[in-house]
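Enquirer: Please read through the structure below; I'll follow up with questions.
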Amino acid sequence: MRKIPLFQRKETFKEVSEGFNEEEAVKEAQRCLQCSPPPCQEACPLKIDIKEFIKFIAAREFKKAEEKIREQNTLPSICGRVCPQENLCQKKCTLAKKGKPISIGYLERFVSDREENSKSLKTISPRKRKNKVAVVGSGPAGLTCASELLKKGFRVVILEALQKEGGVLRYGIPEFRLPKKVLDKEVEYIKRLGGEIVTNFVVGKTKSIEDLKKEGFNVFFLGIGAGFPKFLGIKGENAKDVYSANEFLTRINLMKGYLFPKYHTPLRIGKRIGIIGGGNVAFDCARCAIRLKAEEVFIIYRREKEEMPARKEEIKNACEEGVKFYFLSTPKEIISDEEGNVKGIICLKNQPGERDSSGRRKPIPIKNSEFLIPLETVIVAIGTEANPLLLNTMPDLKLNEKGYIVVNKDFQTSIPYIFAGGDIVSGTATVVEAIKQGKAAAKSIERLYG
């Protein structure tokens, strides 16, 4: 896939991948074998009719291709960029056996990016349902649940705590992977379906669920994510310039901290930055740091390179951009000076042990193997937890031992008129998994409250 030149990538937050042009997309679509039954569709969490939409692209019927995708996926421009297709539909593609699967994600992105398609898509449905739904959170689960309910004639209001819609799609994924204009277009489509979005509205603080019930809301969907940062719990973690990945990415993606003083959210980083973790979030932080003019950026990961959960495409991009690695390394202590400024991190070397429940080899610390990595900034990207703010206002809402909401097969909580999906249910849902859960919850709401 064509990318903007490397020297430009380090100087800008512009999207790295340039995507297919029309001729490239048609040529790629014409490679499809049109298998019956199609293994790619079976591997898609959303069960998109991949075979059919690719057939439309091959015939240059691009509008029909997007309509076919949107039958199952409300956010195709987003999924085409951030869904891990290489581990899902493309992995099961028959041509993957020869090492050249169809680029399903790039084809999805191509048709959904075409402006002439989006403007002609069907929008507002007549209001034919008596129940009024409040969708709390405008991340992938919330946006999907809202759009599915709007299509079925429900009145839906999305309540978002931050000043802009999108949740983790806006504050957690950098511009070079998911441009804000792409997200804005998908949000605008939901508004065209008839959805109302209220920002700066913190449910549980601005108003409670009980307050909203008194205002006429009968059903609720909680797509509030799990935005509470995790830390390591090691000595020195309270030093200056130790960020959670949440804060670091939010300051960049949502608050434009790197443009201080034009935006009043300063973001201070040093010349040598260490990011702890091996997932997509860690790589997003590392690649942002490169663009913020850090001289050296390191990813510190406790397992081996092959076991990092980040997408291979993002690992490759990070390597090209100059990110360096410390593998089989577990942080033990953050070192700082008398004024609390970070000076480095002490790590233990690991050796790979037996495979654990994830199928990866468990890292075993090697005794007396401590070593120092000189750093000026540390970013902790080891996952997130459920934010208790809203949950603490609902004592009857059942949570599991990790603080996530317990739901049944219908994504219905212990309070019958409240449904939930996404990270607040599973803890680590991918975007496509959150979309899947939002769809399933909408279907249940229609069946039980339609």
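Labels for the structure tokens follow display order: chains A, B, ..., residues from 1 in each chain, ligands from 1.
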Name the residues in contact with Ala294 of chain A at a cut-off of 10 Å, using only C-alpha atoms, excluding same-chain residues fewer than 2 positions from it; report them as a PyMOL selection string.

Expert: chain A and resi 269-273+286-292+296-297+377

Enquirer: So that I have them on file, write out the residues from the current selection with C-alpha atoms, as a CSV table (one decimal), in the first residue's frame.

Expert:
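Done, and the output landed in result-v8.csv:
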```
chain,number,residue,atom,x,y,z
A,269,ILE,CA,8.1,15.5,26.8
A,270,GLY,CA,11.8,14.8,26.9
A,271,LYS,CA,14.3,13.7,24.3
A,272,ARG,CA,14.3,10.0,25.3
A,273,ILE,CA,10.9,8.4,25.7
A,286,ALA,CA,5.5,5.8,20.3
A,287,ARG,CA,4.7,7.1,16.8
A,288,CYS,CA,3.2,10.3,18.3
A,289,ALA,CA,6.4,10.8,20.2
A,290,ILE,CA,8.4,10.6,17.0
A,291,ARG,CA,6.2,13.3,15.5
A,292,LEU,CA,6.7,15.4,18.7
A,296,GLU,CA,14.9,8.4,20.8
A,297,VAL,CA,11.7,6.4,21.4
A,377,THR,CA,9.6,10.6,29.8
```

Enquirer: Determine, for each residue of segment 139-203 of chain A having at least one atom at most 12 Å from an atom of segment 421-430 of chain A, the closest pair of atoms and their separation in Å to one decimal, counting only C-alpha atoms; order by chain and ascending number, as CSV.

Expert:
```
residue,atom,partner,partner_atom,distance
A:Gly139,CA,A:Gly422,CA,8.6
A:Pro140,CA,A:Gly422,CA,7.8
A:Ala141,CA,A:Gly422,CA,5.5
A:Gly142,CA,A:Gly421,CA,8.0
A:Leu143,CA,A:Gly422,CA,11.0
A:Thr144,CA,A:Gly421,CA,10.4
A:Cys145,CA,A:Gly421,CA,9.0
A:Gly167,CA,A:Asp423,CA,11.3
A:Val168,CA,A:Asp423,CA,10.1
A:Leu169,CA,A:Thr430,CA,11.0
```

Enquirer: From the list A:Leu107, A:Val202, A:Leu162, A:Ala59, which residue is nearest Cys79 of chain A when using only C-alpha atoms?

Expert: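 Ranked by minimum distance to Cys79 of chain A, first place goes to A:Leu107.
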
Enquirer: Can you pull out every residue within 8 Å of Ala65 of chain A, counting only C-alpha atoms, but drop anything in the same chain fewer than 4 positions away, and send it as a PDB file with C-alpha atoms, in the first residue's frame?

Expert:
```
ATOM      1  CA  GLU A  52     -20.938  -9.361  -2.695  1.00  0.00           C
ATOM      2  CA  PHE A  53     -19.462  -5.928  -1.940  1.00  0.00           C
ATOM      3  CA  ILE A  54     -16.195  -6.918  -3.627  1.00  0.00           C
ATOM      4  CA  LYS A  55     -18.184  -8.117  -6.645  1.00  0.00           C
ATOM      5  CA  PHE A  56     -19.795  -4.653  -6.867  1.00  0.00           C
ATOM      6  CA  ILE A  57     -16.366  -2.969  -6.725  1.00  0.00           C
ATOM      7  CA  GLU A  61     -20.789  -0.218  -8.815  1.00  0.00           C
ATOM      8  CA  ILE A  69     -21.345  -2.984   3.672  1.00  0.00           C
ATOM      9  CA  VAL A 111     -15.872   2.601  -1.117  1.00  0.00           C
TER      10      VAL A 111
END
```

Enquirer: Can you check which residues of segment 148-319 of chain A DSSP gives as alpha helix (DSSP H) on the backbone and send them as a PyMOL selection string?

Expert: chain A and resi 148-151+168-171+180-192+209-214+245-253+280-291+312-319

Enquirer: Show me, as an MDAnalysis selection string, the residues that have an atom within 9 Å of segment 3-7 of chain A when counting only C-alpha atoms, minus same-chain residues fewer than 4 positions from it.

Expert: chainID A and resid 11 14:19 320:321

Enquirer: Okay, now the selection with C-alpha atoms, as a short mmCIF file (atom, residue, chain, number, x, y, z; two decimals), in the first residue's frame?

Expert:
```cif
data_model
loop_
_atom_site.label_atom_id
_atom_site.label_comp_id
_atom_site.auth_asym_id
_atom_site.auth_seq_id
_atom_site.Cartn_x
_atom_site.Cartn_y
_atom_site.Cartn_z
CA GLU A 11 6.95 15.85 10.45
CA LYS A 14 -1.25 13.30 8.33
CA GLU A 15 -2.62 9.82 7.57
CA VAL A 16 0.23 7.50 6.58
CA SER A 17 -1.60 5.13 4.25
CA GLU A 18 -2.92 6.72 1.07
CA GLY A 19 -5.39 3.93 0.29
CA GLU A 320 10.31 2.48 9.60
CA GLU A 321 9.83 5.65 11.63
#
```

Enquirer: To one decimal place in Å, what is the distance between atom CA of Cys89 of chain A and atom CA of Glu313 of chain A?

Expert: 15.7 Å

Enquirer: Going by DSSP on the backbone, which residues of segment 83-153 of chain A come out as strand (DSSP E)? List them as a count of residues only.

Expert: 5

Enquirer: Can you pull out every residue within 12 Å of Asn408 of chain A, counting only C-alpha atoms, but drop anything in the same chain fewer than 4 positions away, and send it as a tab-separated table (two decimals) with C-alpha atoms, in the first residue's frame?

Expert:
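Final file, part_26.tsv:
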```
chain	number	residue	atom	x	y	z
A	398	LYS	CA	-24.20	-5.97	38.78
A	412	GLN	CA	-29.01	-6.71	29.06
A	413	THR	CA	-27.71	-5.79	32.52
A	414	SER	CA	-29.12	-6.70	35.93
A	415	ILE	CA	-31.38	-3.65	35.52
A	416	PRO	CA	-33.75	-4.78	32.73
A	418	ILE	CA	-30.30	-0.88	30.84
A	419	PHE	CA	-28.12	-2.55	28.20
A	420	ALA	CA	-24.36	-2.30	27.74
A	421	GLY	CA	-21.59	-3.20	25.30
A	425	VAL	CA	-18.47	-5.15	29.30
A	437	GLN	CA	-21.91	-5.74	20.65
A	440	ALA	CA	-26.51	-7.05	19.19
A	441	ALA	CA	-27.77	-4.80	21.99
A	444	SER	CA	-32.32	-6.94	21.76
```

Enquirer: Quick one: of A:Val82, A:Ile364, A:Ile345, A:Leu33, who's nearest to Glu237 of chain A, counting only C-alpha atoms?

Expert: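 For Glu237 of chain A, the nearest of the candidates is A:Ile345.
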